[in-house]
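Worksheet for the structure shown next.
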Amino acid sequence: MTNFVSNKTEGSMNKYWRYVLRHFIAWSLAFILWGLMREFGQEVVQDFDPLTFTQRLRLHTVIGVVSGFLFGSLDYIIDTKVYKYVSLGRAMAIGLGSFLVVVFLFLTFAMRVFTRVAGVEFNMETYTDFLFSSEMILLLFYIFLVGFFIDMFKQIDKKLGPGNLWRMIKGEFYQPKEDERIFMFLDLKSSTAIAEELGHIQYSKLIQDCFKDLKVVEKYNAEVYQYVGDEAVLTWSKDVGLTNSNCLRAFFEFSEKLQNRSDYYTRKYGVVPEFKAGLNIGQIVVAEVGEIKTEIAYHGDTINTAARIQEQCNVLGRSILISEKLKSSLQLDTSFSSSHVGDILLKGKTNKVNIYSIEAS
């Protein structure tokens with residue numbers, strides 16, 4: 001249990017710094033650009049003549065770094081603490097209000113820095129002149145424009161999967177290429193019976209809630225390849241998935257999350273959802289496919305085998321099954337125990353596959 005807790009904490013901190021780093025880079029570049037635009041031809045309220053161009057550029061860089069920390073922290077809080085618990089409309093209102101507060105704090109900080117470095121007295125008259133100047137209006141528009149593009153690219157990256165937008169821009173998937181990856185097929189147990197009992201609308205809401213809780217796998221660097229009905233397909237690069245048994249910890253973390261919210265699920269749906277999983281590792285081919293709708297697709301027997309292993313969970317009465325190839329690649333610590341459940345001929349296969357069950361110690 002200690003390993004899981006420490007991994008959760010580490011995962012949360014890593015996620016926070018990813019948010020901050022993204023904003024560090026974006027806002028630093030944005031304010032370097034602002035400094036260049038301000039230097040060449042833009043009419044400004046205060047020239048700060050004592051400062052050289054290089055000094056002003058350095059100051060804009062520092063301000064960009066500080067704004068990256070402020071806006072990155074705000075983005076992390078809104079994404080992890082607000083969007084999950086309130087309606088979209090209320091979350092947007094909270095996000096906009098918080099953004100305006102952070103903008104005000106940032107502008108106050110920036111004004112104090114420039115006046116102090118330039119040796120100009122900072123007083124209410126100077127501050128008021130700046131707040132109601134045409135430069136201020138332009139700066140606010142610029143800040144909102146930069147914030148809009150950061151959020152837009154974040155949403156596109158979320159749709160494609162973390163990091164895949166940049167890979168598509170570079171053309172990495174234009175030509176099919178081989179890769180070695182781990183795949184996990186997650187499926188809701190007793191899904192047919194639950195759907196019949198709840199009805200289509202309530203069942204869809206249940207799946208929505210389950211896949212919101214699936215977000216916990218981010219801390220184990222899992223990528224969601226696709227959702228198919230009540231099934232989710234997760235994937236890892238070989239090294240990432242094997243490190244600290246991330247591919248296994250993700251499943252048990254998700255299961256624990258559902259159990260911790262059992263009161264909520266029982267109250268709303270009359271059932272606590274449980275998922276079963278099948279995992280496999282091996283060579284696949286990845287390529288960008290489609291014209292009307294473009295997406296990154298994985299092809300290969302590795303994926304099919306993972307799906308067939310997951311189907312054996314019901315037959316064998318187990319929650320998580322993995323292939324022998326994956327088991328031999330993992331270095332299991334005392335957090336897990338494994339047991340051989342059979343040499344099984346899977347559907348559509350000509351050769352039997354050794355399958356193991358995993359339990360959390």
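Letters for chains follow the order of the structure tokens (A, B, ...), residue numbers begin at 1 for each chain, and ligand numbers begin at 1 in the order shown.
The protein and nucleic acid residues lying at most 10 Å from Arg22 in chain A are Trp17, Trp27, Gly68, Phe69, Phe71, Gly72, Ile150 and Lys154 of chain A, with only C-alpha atoms considered and sequence neighbours fewer than 5 positions away removed.
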**Study point:** Exercise: Asn354 in chain A partners within 8 Å, only C-alpha atoms, chain neighbours under 3 positions left out, as a ChimeraX atom specification
**Key:** /A:323-324,340-344
Check your understanding: Neighbours of Val20 in chain A within 12 Å (only C-alpha atoms; same-chain residues fewer than 6 positions away dropped), as a PyMOL selection string?
Key -> chain A and resi 13-14+26-28+64-77
Exercise for review: Please report, as a ChimeraX atom specification, each residue of range 311-344 of chain A to which DSSP assigns helix (DSSP H, G or I) when run on this structure's backbone.
Suggested key: /A:311-316,324-329
Exercise for review: Taking the chain letters and numbering used in this document, name the residues of range 184-278 of chain A that DSSP puts in strand (DSSP E or B), as a PyMOL selection string.
Suggested key: chain A and resi 184-188+223-228+231-237+275-278
**Study point:** Surrounding residues of Lys325 in chain A excluding itself and chain neighbours under 3 positions, 10 Å, only C-alpha atoms, as a PyMOL selection string
**Key:** chain A and resi 279-282+322+328-330+353-356
Point to revise | Residue neighbourhood range 182-197 of chain A, 8 Å, only C-alpha atoms, exclusion window fewer than 2 positions, as number ranges by chain | key: A: 180, 199-200, 203, 230-238, 241, 247, 273-282, 302-303, 306-307, 310
Restrict the selected residues to N, CA and C atoms and save them as a PDB file, in the first residue's frame.
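New file part-v8.pdb:
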ATOM      1  N   GLU A 180       7.067  -1.231 -30.229  1.00  0.00           N
ATOM      2  CA  GLU A 180       6.750  -2.257 -29.235  1.00  0.00           C
ATOM      3  C   GLU A 180       6.000  -1.590 -28.089  1.00  0.00           C
ATOM      4  N   GLY A 199     -31.328   0.679 -17.900  1.00  0.00           N
ATOM      5  CA  GLY A 199     -31.841   1.354 -19.088  1.00  0.00           C
ATOM      6  C   GLY A 199     -30.700   2.097 -19.779  1.00  0.00           C
ATOM      7  N   HIS A 200     -30.925   2.453 -21.046  1.00  0.00           N
ATOM      8  CA  HIS A 200     -29.835   2.987 -21.860  1.00  0.00           C
ATOM      9  C   HIS A 200     -29.271   4.308 -21.331  1.00  0.00           C
ATOM     10  N   TYR A 203     -27.441   3.848 -17.995  1.00  0.00           N
ATOM     11  CA  TYR A 203     -26.243   3.046 -18.255  1.00  0.00           C
ATOM     12  C   TYR A 203     -25.151   3.896 -18.901  1.00  0.00           C
ATOM     13  N   ASP A 230     -18.647   0.132 -23.616  1.00  0.00           N
ATOM     14  CA  ASP A 230     -18.255   0.121 -22.200  1.00  0.00           C
ATOM     15  C   ASP A 230     -16.824  -0.406 -22.028  1.00  0.00           C
ATOM     16  N   GLU A 231     -16.066  -0.357 -23.091  1.00  0.00           N
ATOM     17  CA  GLU A 231     -14.693  -0.851 -23.072  1.00  0.00           C
ATOM     18  C   GLU A 231     -13.716   0.288 -23.359  1.00  0.00           C
ATOM     19  N   ALA A 232     -12.585   0.268 -22.668  1.00  0.00           N
ATOM     20  CA  ALA A 232     -11.519   1.240 -22.918  1.00  0.00           C
ATOM     21  C   ALA A 232     -10.239   0.481 -23.229  1.00  0.00           C
ATOM     22  N   VAL A 233      -9.460   1.006 -24.151  1.00  0.00           N
ATOM     23  CA  VAL A 233      -8.192   0.399 -24.516  1.00  0.00           C
ATOM     24  C   VAL A 233      -7.076   1.364 -24.124  1.00  0.00           C
ATOM     25  N   LEU A 234      -6.205   0.919 -23.230  1.00  0.00           N
ATOM     26  CA  LEU A 234      -5.074   1.726 -22.779  1.00  0.00           C
ATOM     27  C   LEU A 234      -3.780   1.189 -23.385  1.00  0.00           C
ATOM     28  N   THR A 235      -2.800   2.052 -23.523  1.00  0.00           N
ATOM     29  CA  THR A 235      -1.531   1.613 -24.090  1.00  0.00           C
ATOM     30  C   THR A 235      -0.374   2.377 -23.461  1.00  0.00           C
ATOM     31  N   TRP A 236       0.783   1.732 -23.459  1.00  0.00           N
ATOM     32  CA  TRP A 236       2.030   2.324 -22.977  1.00  0.00           C
ATOM     33  C   TRP A 236       3.142   1.963 -23.961  1.00  0.00           C
ATOM     34  N   SER A 237       4.138   2.822 -24.069  1.00  0.00           N
ATOM     35  CA  SER A 237       5.366   2.384 -24.715  1.00  0.00           C
ATOM     36  C   SER A 237       5.990   1.334 -23.807  1.00  0.00           C
ATOM     37  N   LYS A 238       6.823   0.485 -24.362  1.00  0.00           N
ATOM     38  CA  LYS A 238       7.364  -0.648 -23.597  1.00  0.00           C
ATOM     39  C   LYS A 238       8.040  -0.201 -22.305  1.00  0.00           C
ATOM     40  N   GLY A 241       5.566   1.442 -19.662  1.00  0.00           N
ATOM     41  CA  GLY A 241       4.632   0.496 -19.065  1.00  0.00           C
ATOM     42  C   GLY A 241       5.287  -0.482 -18.110  1.00  0.00           C
ATOM     43  N   CYS A 247       1.831  -0.538 -15.900  1.00  0.00           N
ATOM     44  CA  CYS A 247       0.658  -1.088 -16.591  1.00  0.00           C
ATOM     45  C   CYS A 247      -0.242  -1.867 -15.638  1.00  0.00           C
ATOM     46  N   PRO A 273     -19.541  -0.447 -10.010  1.00  0.00           N
ATOM     47  CA  PRO A 273     -18.936  -1.027 -11.218  1.00  0.00           C
ATOM     48  C   PRO A 273     -17.595  -1.690 -10.939  1.00  0.00           C
ATOM     49  N   GLU A 274     -17.379  -2.815 -11.591  1.00  0.00           N
ATOM     50  CA  GLU A 274     -16.087  -3.499 -11.549  1.00  0.00           C
ATOM     51  C   GLU A 274     -15.645  -3.771 -12.976  1.00  0.00           C
ATOM     52  N   PHE A 275     -14.360  -3.673 -13.205  1.00  0.00           N
ATOM     53  CA  PHE A 275     -13.826  -3.892 -14.542  1.00  0.00           C
ATOM     54  C   PHE A 275     -12.854  -5.072 -14.538  1.00  0.00           C
ATOM     55  N   LYS A 276     -12.776  -5.712 -15.685  1.00  0.00           N
ATOM     56  CA  LYS A 276     -11.799  -6.788 -15.897  1.00  0.00           C
ATOM     57  C   LYS A 276     -10.835  -6.332 -16.977  1.00  0.00           C
ATOM     58  N   ALA A 277      -9.631  -6.903 -16.965  1.00  0.00           N
ATOM     59  CA  ALA A 277      -8.599  -6.418 -17.884  1.00  0.00           C
ATOM     60  C   ALA A 277      -7.752  -7.555 -18.428  1.00  0.00           C
ATOM     61  N   GLY A 278      -7.338  -7.394 -19.683  1.00  0.00           N
ATOM     62  CA  GLY A 278      -6.391  -8.300 -20.322  1.00  0.00           C
ATOM     63  C   GLY A 278      -5.248  -7.501 -20.905  1.00  0.00           C
ATOM     64  N   LEU A 279      -4.011  -7.963 -20.670  1.00  0.00           N
ATOM     65  CA  LEU A 279      -2.844  -7.207 -21.126  1.00  0.00           C
ATOM     66  C   LEU A 279      -1.898  -8.083 -21.931  1.00  0.00           C
ATOM     67  N   ASN A 280      -1.236  -7.427 -22.891  1.00  0.00           N
ATOM     68  CA  ASN A 280      -0.240  -8.117 -23.708  1.00  0.00           C
ATOM     69  C   ASN A 280       0.799  -7.103 -24.161  1.00  0.00           C
ATOM     70  N   ILE A 281       1.972  -7.599 -24.518  1.00  0.00           N
ATOM     71  CA  ILE A 281       3.048  -6.754 -25.020  1.00  0.00           C
ATOM     72  C   ILE A 281       3.577  -7.346 -26.315  1.00  0.00           C
ATOM     73  N   GLY A 282       3.996  -6.497 -27.239  1.00  0.00           N
ATOM     74  CA  GLY A 282       4.558  -7.000 -28.481  1.00  0.00           C
ATOM     75  C   GLY A 282       4.664  -5.938 -29.556  1.00  0.00           C
ATOM     76  N   THR A 302      -0.688  -8.282 -31.548  1.00  0.00           N
ATOM     77  CA  THR A 302      -0.525  -7.960 -30.126  1.00  0.00           C
ATOM     78  C   THR A 302      -1.824  -7.422 -29.538  1.00  0.00           C
ATOM     79  N   ILE A 303      -2.496  -6.549 -30.284  1.00  0.00           N
ATOM     80  CA  ILE A 303      -3.747  -5.954 -29.813  1.00  0.00           C
ATOM     81  C   ILE A 303      -4.840  -7.014 -29.756  1.00  0.00           C
ATOM     82  N   ALA A 306      -4.416  -9.251 -26.733  1.00  0.00           N
ATOM     83  CA  ALA A 306      -4.816  -8.588 -25.488  1.00  0.00           C
ATOM     84  C   ALA A 306      -6.331  -8.626 -25.321  1.00  0.00           C
ATOM     85  N   ALA A 307      -7.061  -8.401 -26.416  1.00  0.00           N
ATOM     86  CA  ALA A 307      -8.526  -8.439 -26.362  1.00  0.00           C
ATOM     87  C   ALA A 307      -9.029  -9.843 -26.031  1.00  0.00           C
ATOM     88  N   GLN A 310      -8.479 -10.686 -22.362  1.00  0.00           N
ATOM     89  CA  GLN A 310      -9.502 -10.061 -21.517  1.00  0.00           C
ATOM     90  C   GLN A 310     -10.799 -10.861 -21.518  1.00  0.00           C
TER      91      GLN A 310
END
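Atom pair CA of Phe252 in chain A / CA of Lys205 in chain A has a distance of 22.5 Å (rounded to one decimal).
Nearest residue to Phe109 in chain A among A:Ile320, A:Arg261, A:Asp79, A:Leu59 is A:Leu59, counting only C-alpha atoms.
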**Study point:** Which of A:Lys177, A:Arg58, A:Lys219, A:Arg90 sits closest to Glu253 in chain A [using only C-alpha atoms]
**Key:** A:Lys219
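For the pair CA of Leu242 in chain A and CA of Ala222 in chain A, the separation is 11.3 Å.
Distance annotation: of A:Leu326, A:Ala30, A:Ser245, A:Lys352, the residue with the minimal separation from Tyr220 in chain A is A:Ser245; atom set is only C-alpha atoms.
Nearest residue to Ser335 in chain A, choosing from A:Asn246, A:Gly348, A:Ser319, A:Gly270 and counting only C-alpha atoms: A:Asn246.
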Might you pull out every residue within 10 Å of Lys257 in chain A, with only C-alpha atoms counted and same-chain residues fewer than 4 positions away left off, and present them as a short mmCIF file (atom, residue, chain, number, x, y, z; two decimals) with C-alpha atoms, in the first residue's frame?
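Final file, result-v4.cif:
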data_model
loop_
_atom_site.label_atom_id
_atom_site.label_comp_id
_atom_site.auth_asym_id
_atom_site.auth_seq_id
_atom_site.Cartn_x
_atom_site.Cartn_y
_atom_site.Cartn_z
CA CYS A 210 -16.51 5.30 -14.84
CA ASP A 213 -12.63 8.05 -12.83
CA LEU A 214 -10.33 6.33 -15.33
CA LYS A 215 -8.39 9.60 -15.37
CA VAL A 216 -6.42 8.25 -12.39
CA PHE A 251 -5.56 -1.19 -13.26
CA PHE A 252 -5.48 -1.56 -9.47
CA GLU A 253 -5.53 2.22 -9.01
CA ARG A 261 -16.61 5.91 -4.65
CA SER A 262 -18.88 2.94 -3.96
#
Study note, to complete from the structure: note - CA of Thr350 in chain A and CA of Lys327 in chain A are separated by 21.2 Å
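Proximity of A:Thr305, A:His23, A:Thr108, A:Arg249 to Asn351 in chain A, computed with only C-alpha atoms, is greatest for A:Thr305.
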